[in-house]
>>> print(open('start24.cif').read())   # mmCIF, C-alpha atoms and all ligand atoms
data_protein
#
loop_
_atom_site.group_PDB
_atom_site.id
_atom_site.type_symbol
_atom_site.label_atom_id
_atom_site.label_comp_id
_atom_site.auth_asym_id
_atom_site.auth_seq_id
_atom_site.Cartn_x
_atom_site.Cartn_y
_atom_site.Cartn_z
ATOM 1 C CA MET A 1 -95.650 -31.405 142.824
ATOM 2 C CA THR A 2 -91.940 -30.885 142.811
ATOM 3 C CA THR A 3 -89.709 -31.614 145.744
ATOM 4 C CA PRO A 4 -86.618 -29.536 146.353
ATOM 5 C CA SER A 5 -83.418 -31.385 145.669
ATOM 6 C CA ASP A 6 -82.180 -32.718 148.983
ATOM 7 C CA SER A 7 -79.196 -34.688 147.907
ATOM 8 C CA VAL A 8 -77.124 -32.726 145.467
ATOM 9 C CA LEU A 9 -76.854 -29.203 146.820
ATOM 10 C CA PRO A 10 -74.101 -28.386 149.261
ATOM 11 C CA ALA A 11 -75.335 -27.049 152.574
ATOM 12 C CA ALA A 12 -75.394 -23.342 153.220
ATOM 13 C CA HIS A 13 -75.453 -22.481 149.554
ATOM 14 C CA THR A 14 -75.780 -18.885 148.540
ATOM 15 C CA SER A 15 -78.489 -17.290 150.568
ATOM 16 C CA ASP A 16 -81.598 -16.033 148.833
ATOM 17 C CA LYS A 17 -82.987 -13.325 151.074
ATOM 18 C CA ALA A 18 -86.344 -13.539 149.324
ATOM 19 C CA ALA A 19 -86.732 -16.941 151.037
ATOM 20 C CA PRO A 20 -89.335 -18.411 148.672
ATOM 21 C CA TRP A 21 -91.831 -20.824 150.117
ATOM 22 C CA PRO A 22 -91.505 -24.517 149.229
ATOM 23 C CA ALA A 23 -93.549 -25.557 146.175
ATOM 24 C CA TYR A 24 -95.935 -27.578 148.311
ATOM 25 C CA VAL A 25 -96.674 -24.574 150.540
ATOM 26 C CA LYS A 26 -97.188 -22.311 147.505
ATOM 27 C CA ALA A 27 -99.599 -24.875 146.063
ATOM 28 C CA SER A 28 -101.434 -24.853 149.387
ATOM 29 C CA LEU A 29 -101.810 -21.077 149.299
ATOM 30 C CA ALA A 30 -103.202 -21.333 145.777
ATOM 31 C CA TRP A 31 -105.552 -24.079 146.987
ATOM 32 C CA HIS A 32 -106.879 -21.743 149.701
ATOM 33 C CA ALA A 33 -107.420 -18.954 147.172
ATOM 34 C CA GLY A 34 -109.189 -21.348 144.804
ATOM 35 C CA ALA A 35 -111.467 -22.623 147.554
ATOM 36 C CA GLY A 36 -112.312 -19.036 148.510
ATOM 37 C CA LEU A 37 -113.187 -18.055 144.931
ATOM 38 C CA PHE A 38 -115.238 -21.223 144.544
ATOM 39 C CA ALA A 39 -117.238 -20.383 147.676
ATOM 40 C CA ILE A 40 -117.833 -16.818 146.425
ATOM 41 C CA ALA A 41 -118.884 -17.964 142.940
ATOM 42 C CA ALA A 42 -121.159 -20.677 144.261
ATOM 43 C CA PRO A 43 -122.136 -19.753 147.835
ATOM 44 C CA ALA A 44 -124.075 -22.973 148.383
ATOM 45 C CA SER A 45 -120.851 -24.871 147.912
ATOM 46 C CA TRP A 46 -119.121 -23.332 150.960
ATOM 47 C CA PRO A 47 -119.079 -26.595 152.960
ATOM 48 C CA TRP A 48 -117.095 -28.182 150.134
ATOM 49 C CA ALA A 49 -114.685 -25.258 150.010
ATOM 50 C CA LEU A 50 -114.243 -25.473 153.767
ATOM 51 C CA ALA A 51 -113.620 -29.214 153.540
ATOM 52 C CA ALA A 52 -111.016 -28.642 150.816
ATOM 53 C CA VAL A 53 -109.153 -26.158 153.025
ATOM 54 C CA ALA A 54 -109.391 -28.476 156.060
ATOM 55 C CA ALA A 55 -107.987 -31.366 154.025
ATOM 56 C CA ASN A 56 -105.094 -29.191 152.919
ATOM 57 C CA HIS A 57 -104.346 -28.177 156.515
ATOM 58 C CA ALA A 58 -104.359 -31.839 157.524
ATOM 59 C CA ALA A 59 -101.844 -32.606 154.756
ATOM 60 C CA LEU A 60 -99.567 -29.704 155.794
ATOM 61 C CA THR A 61 -99.716 -30.847 159.416
ATOM 62 C CA ALA A 62 -98.918 -34.408 158.416
ATOM 63 C CA GLY A 63 -95.931 -33.150 156.422
ATOM 64 C CA GLY A 64 -94.623 -31.381 159.524
ATOM 65 C CA LEU A 65 -95.226 -34.322 161.844
ATOM 66 C CA TRP A 66 -93.454 -36.746 159.510
ATOM 67 C CA PRO A 67 -89.784 -35.895 160.151
ATOM 68 C CA ARG A 68 -88.481 -37.423 156.907
ATOM 69 C CA SER A 69 -90.983 -35.698 154.592
ATOM 70 C CA ARG A 70 -89.817 -33.133 152.036
ATOM 71 C CA TRP A 71 -93.216 -31.528 151.543
ATOM 72 C CA LEU A 72 -92.285 -28.512 153.638
ATOM 73 C CA GLY A 73 -88.876 -27.844 152.065
ATOM 74 C CA SER A 74 -85.418 -29.288 151.561
ATOM 75 C CA ASN A 75 -84.609 -32.027 154.057
ATOM 76 C CA TRP A 76 -81.572 -34.315 154.130
ATOM 77 C CA THR A 77 -82.710 -37.845 154.942
ATOM 78 C CA ARG A 78 -79.482 -39.236 153.466
ATOM 79 C CA LEU A 79 -76.061 -37.832 152.634
ATOM 80 C CA PRO A 80 -75.447 -36.334 149.178
ATOM 81 C CA ALA A 81 -74.657 -38.803 146.389
ATOM 82 C CA HIS A 82 -70.974 -37.815 146.279
ATOM 83 C CA ALA A 83 -70.605 -38.691 149.990
ATOM 84 C CA ALA A 84 -72.373 -42.035 149.534
ATOM 85 C CA ALA A 85 -70.011 -42.780 146.629
ATOM 86 C CA ARG A 86 -67.128 -42.311 149.092
ATOM 87 C CA ARG A 87 -68.812 -44.887 151.397
ATOM 88 C CA GLU A 88 -69.503 -42.228 154.026
ATOM 89 C CA ILE A 89 -72.133 -42.330 156.743
ATOM 90 C CA ALA A 90 -73.028 -39.673 159.328
ATOM 91 C CA ILE A 91 -73.588 -40.476 162.976
ATOM 92 C CA THR A 92 -75.495 -37.601 164.553
ATOM 93 C CA ILE A 93 -75.757 -37.244 168.324
ATOM 94 C CA ASP A 94 -78.499 -34.998 169.684
ATOM 95 C CA ASP A 95 -79.549 -32.992 172.741
ATOM 96 C CA GLY A 96 -76.151 -32.387 174.364
ATOM 97 C CA PRO A 97 -73.596 -31.515 175.326
ATOM 98 C CA ASP A 98 -74.017 -33.505 178.539
ATOM 99 C CA PRO A 99 -71.022 -33.637 180.892
ATOM 100 C CA ALA A 100 -72.132 -37.055 182.186
ATOM 101 C CA VAL A 101 -72.152 -38.650 178.745
ATOM 102 C CA THR A 102 -70.438 -36.629 176.020
ATOM 103 C CA PRO A 103 -66.806 -37.103 177.210
ATOM 104 C CA ALA A 104 -67.203 -40.896 177.101
ATOM 105 C CA VAL A 105 -68.804 -40.648 173.656
ATOM 106 C CA LEU A 106 -65.796 -38.642 172.441
ATOM 107 C CA ASP A 107 -63.393 -41.294 173.795
ATOM 108 C CA LEU A 108 -65.297 -44.087 172.010
ATOM 109 C CA LEU A 109 -65.293 -42.148 168.728
ATOM 110 C CA ASP A 110 -61.540 -41.547 169.076
ATOM 111 C CA ALA A 111 -60.920 -45.238 169.770
ATOM 112 C CA HIS A 112 -62.595 -46.100 166.456
ATOM 113 C CA SER A 113 -61.172 -43.147 164.481
ATOM 114 C CA ALA A 114 -64.734 -42.059 163.754
ATOM 115 C CA LYS A 115 -66.121 -38.549 163.410
ATOM 116 C CA ALA A 116 -69.636 -37.495 164.393
ATOM 117 C CA THR A 117 -71.949 -34.509 164.295
ATOM 118 C CA PHE A 118 -73.363 -33.219 167.585
ATOM 119 C CA PHE A 119 -76.693 -31.422 167.243
ATOM 120 C CA CYS A 120 -76.368 -29.307 170.378
ATOM 121 C CA ILE A 121 -79.055 -27.376 172.230
ATOM 122 C CA GLY A 122 -78.053 -23.708 172.575
ATOM 123 C CA ALA A 123 -78.868 -23.551 176.302
ATOM 124 C CA GLU A 124 -76.845 -26.711 177.000
ATOM 125 C CA ALA A 125 -73.909 -25.348 175.032
ATOM 126 C CA ARG A 126 -73.978 -22.134 177.116
ATOM 127 C CA ALA A 127 -74.055 -24.258 180.280
ATOM 128 C CA HIS A 128 -71.068 -26.360 179.134
ATOM 129 C CA PRO A 129 -69.049 -24.241 176.689
ATOM 130 C CA ALA A 130 -65.715 -26.001 177.341
ATOM 131 C CA LEU A 131 -67.272 -29.353 176.492
ATOM 132 C CA CYS A 132 -68.733 -27.859 173.327
ATOM 133 C CA ARG A 133 -65.286 -26.630 172.305
ATOM 134 C CA GLU A 134 -63.795 -30.033 173.149
ATOM 135 C CA ILE A 135 -66.162 -31.686 170.651
ATOM 136 C CA VAL A 136 -64.780 -29.454 167.902
ATOM 137 C CA ARG A 137 -61.173 -29.786 169.102
ATOM 138 C CA ARG A 138 -61.456 -33.585 168.707
ATOM 139 C CA GLY A 139 -62.446 -33.160 165.044
ATOM 140 C CA HIS A 140 -66.208 -33.450 165.314
ATOM 141 C CA SER A 141 -68.869 -30.986 164.303
ATOM 142 C CA VAL A 142 -71.328 -28.964 166.405
ATOM 143 C CA GLN A 143 -74.599 -28.088 164.693
ATOM 144 C CA ASN A 144 -77.865 -26.374 165.615
ATOM 145 C CA HIS A 145 -80.644 -28.224 167.460
ATOM 146 C CA SER A 146 -82.573 -25.092 168.579
ATOM 147 C CA ASP A 147 -81.981 -22.972 171.663
ATOM 148 C CA GLY A 148 -84.301 -24.593 174.166
ATOM 149 C CA HIS A 149 -85.523 -27.813 172.497
ATOM 150 C CA SER A 150 -89.118 -26.779 173.112
ATOM 151 C CA HIS A 151 -91.685 -29.537 172.774
ATOM 152 C CA ARG A 152 -93.908 -26.842 171.254
ATOM 153 C CA PHE A 153 -91.401 -26.101 168.475
ATOM 154 C CA SER A 154 -93.685 -27.364 165.697
ATOM 155 C CA MET A 155 -96.428 -25.014 166.926
ATOM 156 C CA LEU A 156 -94.291 -21.852 166.904
ATOM 157 C CA GLY A 157 -94.885 -18.971 164.511
ATOM 158 C CA PRO A 158 -92.117 -17.545 162.334
ATOM 159 C CA LYS A 159 -90.875 -14.984 164.909
ATOM 160 C CA ALA A 160 -90.575 -17.420 167.798
ATOM 161 C CA MET A 161 -89.073 -20.029 165.476
ATOM 162 C CA THR A 162 -86.468 -17.520 164.301
ATOM 163 C CA ARG A 163 -85.623 -16.677 167.938
ATOM 164 C CA GLU A 164 -85.163 -20.377 168.774
ATOM 165 C CA ILE A 165 -82.874 -21.062 165.845
ATOM 166 C CA ALA A 166 -80.967 -17.770 165.649
ATOM 167 C CA GLY A 167 -80.378 -17.832 169.417
ATOM 168 C CA ALA A 168 -78.687 -21.235 169.227
ATOM 169 C CA GLN A 169 -76.849 -20.180 166.071
ATOM 170 C CA ALA A 170 -75.320 -17.140 167.831
ATOM 171 C CA SER A 171 -74.344 -19.099 170.951
ATOM 172 C CA LEU A 172 -72.828 -22.044 169.084
ATOM 173 C CA ALA A 173 -70.876 -19.793 166.709
ATOM 174 C CA ASP A 174 -69.618 -17.735 169.645
ATOM 175 C CA ILE A 175 -68.574 -20.789 171.704
ATOM 176 C CA THR A 176 -66.997 -22.913 168.967
ATOM 177 C CA GLY A 177 -65.859 -20.202 166.555
ATOM 178 C CA GLU A 178 -67.744 -21.890 163.707
ATOM 179 C CA ALA A 179 -71.268 -21.007 162.613
ATOM 180 C CA PRO A 180 -73.449 -24.118 162.249
ATOM 181 C CA ARG A 181 -74.628 -24.922 158.708
ATOM 182 C CA PHE A 182 -77.156 -27.620 159.583
ATOM 183 C CA PHE A 183 -80.307 -27.634 161.691
ATOM 184 C CA ARG A 184 -82.350 -30.461 163.155
ATOM 185 C CA ALA A 185 -85.794 -29.708 164.568
ATOM 186 C CA PRO A 186 -86.581 -30.925 168.092
ATOM 187 C CA ALA A 187 -87.965 -34.460 167.663
ATOM 188 C CA GLY A 188 -87.835 -33.741 163.926
ATOM 189 C CA LEU A 189 -91.223 -31.984 164.122
ATOM 190 C CA ARG A 190 -91.861 -28.751 162.219
ATOM 191 C CA ASN A 191 -94.401 -26.636 160.363
ATOM 192 C CA PRO A 192 -94.507 -24.630 157.086
ATOM 193 C CA PHE A 193 -92.821 -21.597 158.717
ATOM 194 C CA LEU A 194 -89.514 -23.431 159.170
ATOM 195 C CA ALA A 195 -88.183 -23.547 155.585
ATOM 196 C CA PRO A 196 -88.108 -19.748 155.015
ATOM 197 C CA VAL A 197 -86.477 -19.217 158.430
ATOM 198 C CA LEU A 198 -83.755 -21.767 157.649
ATOM 199 C CA GLN A 199 -83.162 -20.223 154.252
ATOM 200 C CA ARG A 200 -82.689 -16.766 155.767
ATOM 201 C CA LEU A 201 -80.197 -18.187 158.276
ATOM 202 C CA ASP A 202 -78.392 -20.271 155.619
ATOM 203 C CA LEU A 203 -79.119 -23.544 157.385
ATOM 204 C CA GLN A 204 -79.854 -26.932 155.808
ATOM 205 C CA LEU A 205 -82.508 -29.065 157.525
ATOM 206 C CA VAL A 206 -81.283 -32.572 158.354
ATOM 207 C CA SER A 207 -83.467 -35.426 159.550
ATOM 208 C CA TRP A 208 -82.230 -39.001 159.276
ATOM 209 C CA THR A 209 -82.261 -42.310 157.485
ATOM 210 C CA ARG A 210 -82.748 -44.266 160.696
ATOM 211 C CA ARG A 211 -82.948 -43.584 164.419
ATOM 212 C CA GLY A 212 -82.318 -45.741 167.446
ATOM 213 C CA PHE A 213 -85.046 -44.302 169.713
ATOM 214 C CA ASP A 214 -82.408 -44.264 172.451
ATOM 215 C CA THR A 215 -84.233 -41.646 174.509
ATOM 216 C CA VAL A 216 -86.869 -44.253 175.332
ATOM 217 C CA ARG A 217 -85.329 -47.668 174.540
ATOM 218 C CA ARG A 218 -83.103 -48.929 177.355
ATOM 219 C CA GLU A 219 -81.854 -52.124 175.725
ATOM 220 C CA PRO A 220 -78.565 -51.568 173.821
ATOM 221 C CA THR A 221 -79.043 -54.589 171.530
ATOM 222 C CA ASP A 222 -82.449 -53.233 170.519
ATOM 223 C CA VAL A 223 -81.059 -49.743 169.762
ATOM 224 C CA LEU A 224 -78.082 -51.181 167.867
ATOM 225 C CA ALA A 225 -80.360 -53.390 165.765
ATOM 226 C CA ARG A 226 -82.490 -50.365 164.815
ATOM 227 C CA LEU A 227 -79.487 -48.239 163.846
ATOM 228 C CA ALA A 228 -77.574 -50.963 162.003
ATOM 229 C CA ARG A 229 -80.497 -52.441 160.061
ATOM 230 C CA ASN A 230 -79.571 -52.330 156.351
ATOM 231 C CA LEU A 231 -76.682 -49.987 157.204
ATOM 232 C CA ALA A 232 -75.368 -48.559 153.936
ATOM 233 C CA ALA A 233 -73.308 -45.748 152.438
ATOM 234 C CA GLY A 234 -75.059 -42.388 152.728
ATOM 235 C CA ASP A 235 -77.025 -43.237 155.873
ATOM 236 C CA ILE A 236 -77.640 -40.570 158.502
ATOM 237 C CA LEU A 237 -78.141 -42.123 161.940
ATOM 238 C CA VAL A 238 -79.522 -40.467 165.085
ATOM 239 C CA ALA A 239 -78.534 -41.212 168.660
ATOM 240 C CA HIS A 240 -78.440 -39.131 171.872
ATOM 241 C CA ASP A 241 -75.922 -37.989 174.453
ATOM 242 C CA GLY A 242 -78.427 -35.606 176.079
ATOM 243 C CA ASN A 243 -81.823 -36.926 177.224
ATOM 244 C CA ALA A 244 -80.493 -40.462 176.752
ATOM 245 C CA ALA A 245 -82.236 -43.488 178.204
ATOM 246 C CA ARG A 246 -80.117 -45.352 180.733
ATOM 247 C CA ALA A 247 -79.124 -49.011 180.340
ATOM 248 C CA ASP A 248 -79.251 -51.415 183.294
ATOM 249 C CA ASP A 249 -75.846 -50.241 184.537
ATOM 250 C CA GLY A 250 -77.056 -46.628 184.638
ATOM 251 C CA SER A 251 -74.988 -45.429 181.673
ATOM 252 C CA ALA A 252 -76.415 -43.787 178.558
ATOM 253 C CA VAL A 253 -77.492 -46.430 176.038
ATOM 254 C CA LEU A 254 -75.339 -44.887 173.323
ATOM 255 C CA LEU A 255 -72.150 -45.834 175.195
ATOM 256 C CA ALA A 256 -73.035 -49.516 174.908
ATOM 257 C CA VAL A 257 -74.228 -49.132 171.315
ATOM 258 C CA LEU A 258 -71.383 -47.157 169.730
ATOM 259 C CA PRO A 259 -68.637 -49.849 169.722
ATOM 260 C CA GLY A 260 -70.891 -52.376 167.971
ATOM 261 C CA LEU A 261 -72.207 -49.776 165.532
ATOM 262 C CA LEU A 262 -68.743 -48.527 164.581
ATOM 263 C CA ALA A 263 -67.435 -52.089 164.203
ATOM 264 C CA ARG A 264 -70.353 -52.900 161.916
ATOM 265 C CA ALA A 265 -69.692 -49.795 159.823
ATOM 266 C CA ARG A 266 -66.040 -50.716 159.470
ATOM 267 C CA SER A 267 -66.893 -54.294 158.443
ATOM 268 C CA LEU A 268 -69.010 -52.825 155.630
ATOM 269 C CA GLY A 269 -66.216 -50.498 154.494
ATOM 270 C CA LEU A 270 -68.133 -47.431 155.693
ATOM 271 C CA VAL A 271 -66.472 -44.288 157.039
ATOM 272 C CA ALA A 272 -68.172 -42.185 159.736
ATOM 273 C CA VAL A 273 -67.696 -38.477 158.900
ATOM 274 C CA THR A 274 -69.182 -35.157 160.004
ATOM 275 C CA LEU A 275 -71.996 -33.543 158.018
ATOM 276 C CA PRO A 276 -69.773 -30.654 156.843
ATOM 277 C CA ALA A 277 -67.201 -33.206 155.626
ATOM 278 C CA ALA A 278 -69.916 -35.157 153.822
ATOM 279 C CA SER A 279 -71.100 -31.971 152.110
ATOM 280 C CA LEU A 280 -67.688 -31.472 150.473
ATOM 281 C CA HIS A 281 -67.468 -32.600 146.882
ATOM 282 C CA GLN A 282 -63.758 -33.348 147.230
ATOM 283 C CA ARG A 283 -62.168 -34.994 150.217
ATOM 284 C CA GLY A 284 -58.811 -33.361 149.569
ATOM 285 C CA GLU A 285 -55.777 -34.873 151.269
ATOM 286 C CA ASP A 286 -57.602 -37.641 153.058
ATOM 287 C CA ALA A 287 -59.515 -38.769 149.961
ATOM 288 C CA ALA A 288 -57.447 -41.941 149.603
ATOM 289 C CA ALA A 289 -59.045 -43.933 152.412
ATOM 290 C CA PRO A 290 -62.704 -43.514 151.386
ATOM 291 C CA ALA A 291 -61.819 -43.984 147.712
ATOM 292 C CA GLU A 292 -60.095 -47.292 148.443
ATOM 293 C CA ALA A 293 -63.037 -48.444 150.521
ATOM 294 C CA ALA A 294 -65.381 -47.563 147.667
ATOM 295 C CA ALA A 295 -63.278 -49.440 145.154
ATOM 296 C CA SER A 296 -63.345 -52.626 147.238
ATOM 297 C CA ALA A 297 -67.021 -52.602 148.153
ATOM 298 C CA SER A 298 -70.127 -53.180 146.107
ATOM 299 C CA PRO A 299 -72.681 -50.332 146.040
HETATM 300 ZN ZN ZN B 1 -83.542 -33.529 170.224
#
>>> encode(input="start24.cif", output="structure tokens")
Amino acid sequence: MTTPSDSVLPAAHTSDKAAPWPAYVKASLAWHAGAGLFAIAAPASWPWALAAVAANHAALTAGGLWPRSRWLGSNWTRLPAHAAARREIAITIDDGPDPAVTPAVLDLLDAHSAKATFFCIGAEARAHPALCREIVRRGHSVQNHSDGHSHRFSMLGPKAMTREIAGAQASLADITGEAPRFFRAPAGLRNPFLAPVLQRLDLQLVSWTRRGFDTVRREPTDVLARLARNLAAGDILVAHDGNAARADDGSAVLLAVLPGLLARARSLGLVAVTLPAASLHQRGEDAAAPAEAAASASP
């Protein structure tokens, strides 16, 4: 089995309208055909053929329910090697924008000179377009986290999945003036239909290296420990401004977590950048800072 390269290709590379299926899915189709021929050639063996197909379906389902798997197509679980070499990390913030949380998140990021990627829900962006534009104005990136964040997303067929993703894509591009290049599935869950849809829309799937579970964990020290464990260049971290659990003082957990996380990153010589910035092979004018950090830190 081959796995598509997930760490060397820039996002939104040249679109291939043929949208080939991932190797694992093609192998599964061949497996189905083989099982069918086997059952025809040796009718008494049909229970075995059926079992073979059922086992394959279980494996495909497992691949979709394991957010970091690459069985179902290209999936960034870490930044590309050139970004890691620059000591970059990506902090991704999901499920917003949320007017009760996002402005404070932006202020904290500014205070630490850090950039982040906001995986916004299309419907939330339409409800708060000015806030969505403010994210971009402050130097951060808005990317696609589906239109409605349906909990049934991983059970959708190709048409409904296309509607969910293309709907958010149109809204976010219209509101911010920039078409997203990255997609994150709701809860990271997906099925074999997703990869061809993303390829048609020129979107790169992104999951994560580590997540804080801050939609359910209310204790900031617990969330920080999860995000900062073995923190290293190239990591992609997930936290939430929308749907965030509330700490004891009623504020979103992320607000208590961010200062400690950004301080830890800085102490390790890591630079928090957006996903589009991390996808660039050259940093251009601001290349000096990451290069110096890389020179002074061990890999
Ligand atoms: Zn989400």
>>> atom_distance(input="start24.cif", atom1="CA of Asp147 (chain A)", atom2="CA of Arg246 (chain A)")
24.2 Å
>>> atom_distance(input="start24.cif", atom1="CA of Val216 (chain A)", atom2="CA of Ala228 (chain A)")
17.6 Å
>>> closest_atom_pairs(input="start24.cif", of="chain A", to="ligand ZN 1 (chain B)", cutoff="6 Å", atoms="only C-alpha atoms and all ligand atoms", output="tab-separated table")
residue	atom	partner	partner_atom	distance
A:Asp94	CA	B:ZN1	ZN	5.3
A:Asp95	CA	B:ZN1	ZN	4.8
A:Pro186	CA	B:ZN1	ZN	4.5
A:Ala187	CA	B:ZN1	ZN	5.2
>>> residues_around(input="start24.cif", residues="region 154-169 of chain A", least_positions_apart="2", cutoff="8 Å", atoms="only C-alpha atoms", output="list in words")
Gly64, Ile121, Gly122, Ala123, Asn144, His145, Ser146, Asp147, Gly148, His151, Arg152, Ser171, Leu172, Ala173, Ala179, Pro180, Leu189, Arg190, Asn191, Phe193, Leu194, Val197 and Leu201 of chain A
>>> write_last_selection(input="start24.cif", atoms="C-alpha atoms", output="compact mmCIF listing (two decimals), in the frame of the given file")
# COMPACT_ATOMS: atom_id res chain seq x y z
CA GLY A 64 -94.62 -31.38 159.52
CA ILE A 121 -79.06 -27.38 172.23
CA GLY A 122 -78.05 -23.71 172.58
CA ALA A 123 -78.87 -23.55 176.30
CA ASN A 144 -77.86 -26.37 165.62
CA HIS A 145 -80.64 -28.22 167.46
CA SER A 146 -82.57 -25.09 168.58
CA ASP A 147 -81.98 -22.97 171.66
CA GLY A 148 -84.30 -24.59 174.17
CA HIS A 151 -91.68 -29.54 172.77
CA ARG A 152 -93.91 -26.84 171.25
CA SER A 171 -74.34 -19.10 170.95
CA LEU A 172 -72.83 -22.04 169.08
CA ALA A 173 -70.88 -19.79 166.71
CA ALA A 179 -71.27 -21.01 162.61
CA PRO A 180 -73.45 -24.12 162.25
CA LEU A 189 -91.22 -31.98 164.12
CA ARG A 190 -91.86 -28.75 162.22
CA ASN A 191 -94.40 -26.64 160.36
CA PHE A 193 -92.82 -21.60 158.72
CA LEU A 194 -89.51 -23.43 159.17
CA VAL A 197 -86.48 -19.22 158.43
CA LEU A 201 -80.20 -18.19 158.28
>>> axis_aligned_box(input="start24.cif", around="region 169-172 of chain A", padding_each_side="8 Å", output="lines of an AutoDock Vina configuration file")
center_x = -74.8
center_y = -19.6
center_z = 168.5
size_x = 20.0
size_y = 20.9
size_z = 20.9
>>> closest_atom_pairs(input="start24.cif", of="region 35-88 of chain A", to="region 205-211 of chain A", cutoff="7 Å", atoms="all atoms listed in the file", output="Markdown table")
| residue | atom | partner | partner_atom | distance |
| --- | --- | --- | --- | --- |
| A:Pro67 | CA | A:Ser207 | CA | 6.4 |
| A:Arg68 | CA | A:Ser207 | CA | 6.0 |
| A:Ser74 | CA | A:Leu205 | CA | 6.6 |
| A:Asn75 | CA | A:Leu205 | CA | 5.0 |
| A:Trp76 | CA | A:Val206 | CA | 4.6 |
| A:Thr77 | CA | A:Trp208 | CA | 4.5 |
| A:Arg78 | CA | A:Thr209 | CA | 5.8 |
>>> atom_distance(input="start24.cif", atom1="CA of Asp241 (chain A)", atom2="CA of Val105 (chain A)")
7.6 Å
>>> closest_residue(input="start24.cif", among="A:Asp98, A:Gln143, A:Val53, A:Val136", to="Leu203 (chain A)", atoms="only C-alpha atoms")
A:Gln143
>>> closest_residue(input="start24.cif", among="A:Leu270, A:Ala23, A:Ala33, A:Ala247", to="Gly73 (chain A)", atoms="only C-alpha atoms")
A:Ala23
>>> closest_residue(input="start24.cif", among="A:Ala195, A:Val223, A:Ala49, A:Ala30", to="Trp71 (chain A)", atoms="all atoms listed in the file")
A:Ala195
>>> closest_residue(input="start24.cif", among="A:Gly242, A:Leu106, A:Pro220, A:Phe153", to="Ala125 (chain A)", atoms="only C-alpha atoms")
A:Gly242
>>> closest_residue(input="start24.cif", among="A:Ala252, A:Leu227, A:Val238, A:Ile89", to="Val273 (chain A)", atoms="only C-alpha atoms")
A:Ile89
>>> residues_around(input="start24.cif", residues="Gly36 (chain A)", least_positions_apart="2", cutoff="12 Å", atoms="all atoms listed in the file", output="ChimeraX atom specification")
/A:29-34,38-43,45-53
>>> write_last_selection(input="start24.cif", atoms="C-alpha atoms", output="tab-separated table (two decimals), in the frame of the given file")
chain	number	residue	atom	x	y	z
A	29	LEU	CA	-101.81	-21.08	149.30
A	30	ALA	CA	-103.20	-21.33	145.78
A	31	TRP	CA	-105.55	-24.08	146.99
A	32	HIS	CA	-106.88	-21.74	149.70
A	33	ALA	CA	-107.42	-18.95	147.17
A	34	GLY	CA	-109.19	-21.35	144.80
A	38	PHE	CA	-115.24	-21.22	144.54
A	39	ALA	CA	-117.24	-20.38	147.68
A	40	ILE	CA	-117.83	-16.82	146.43
A	41	ALA	CA	-118.88	-17.96	142.94
A	42	ALA	CA	-121.16	-20.68	144.26
A	43	PRO	CA	-122.14	-19.75	147.84
A	45	SER	CA	-120.85	-24.87	147.91
A	46	TRP	CA	-119.12	-23.33	150.96
A	47	PRO	CA	-119.08	-26.60	152.96
A	48	TRP	CA	-117.10	-28.18	150.13
A	49	ALA	CA	-114.68	-25.26	150.01
A	50	LEU	CA	-114.24	-25.47	153.77
A	51	ALA	CA	-113.62	-29.21	153.54
A	52	ALA	CA	-111.02	-28.64	150.82
A	53	VAL	CA	-109.15	-26.16	153.02
>>> closest_residue(input="start24.cif", among="A:Val142, A:Ala263, A:Ala90, A:Leu255", to="Cys120 (chain A)", atoms="only C-alpha atoms")
A:Val142
>>> residues_around(input="start24.cif", residues="Leu262 (chain A)", least_positions_apart="4", cutoff="10 Å", atoms="all atoms listed in the file", output="list in words")
Ile91, Leu108, Leu109, Ala111, His112, Ser113, Ala114, Ala228, Val257, Leu258, Arg266, Ser267, Leu268, Leu270, Val271 and Ala272 of chain A
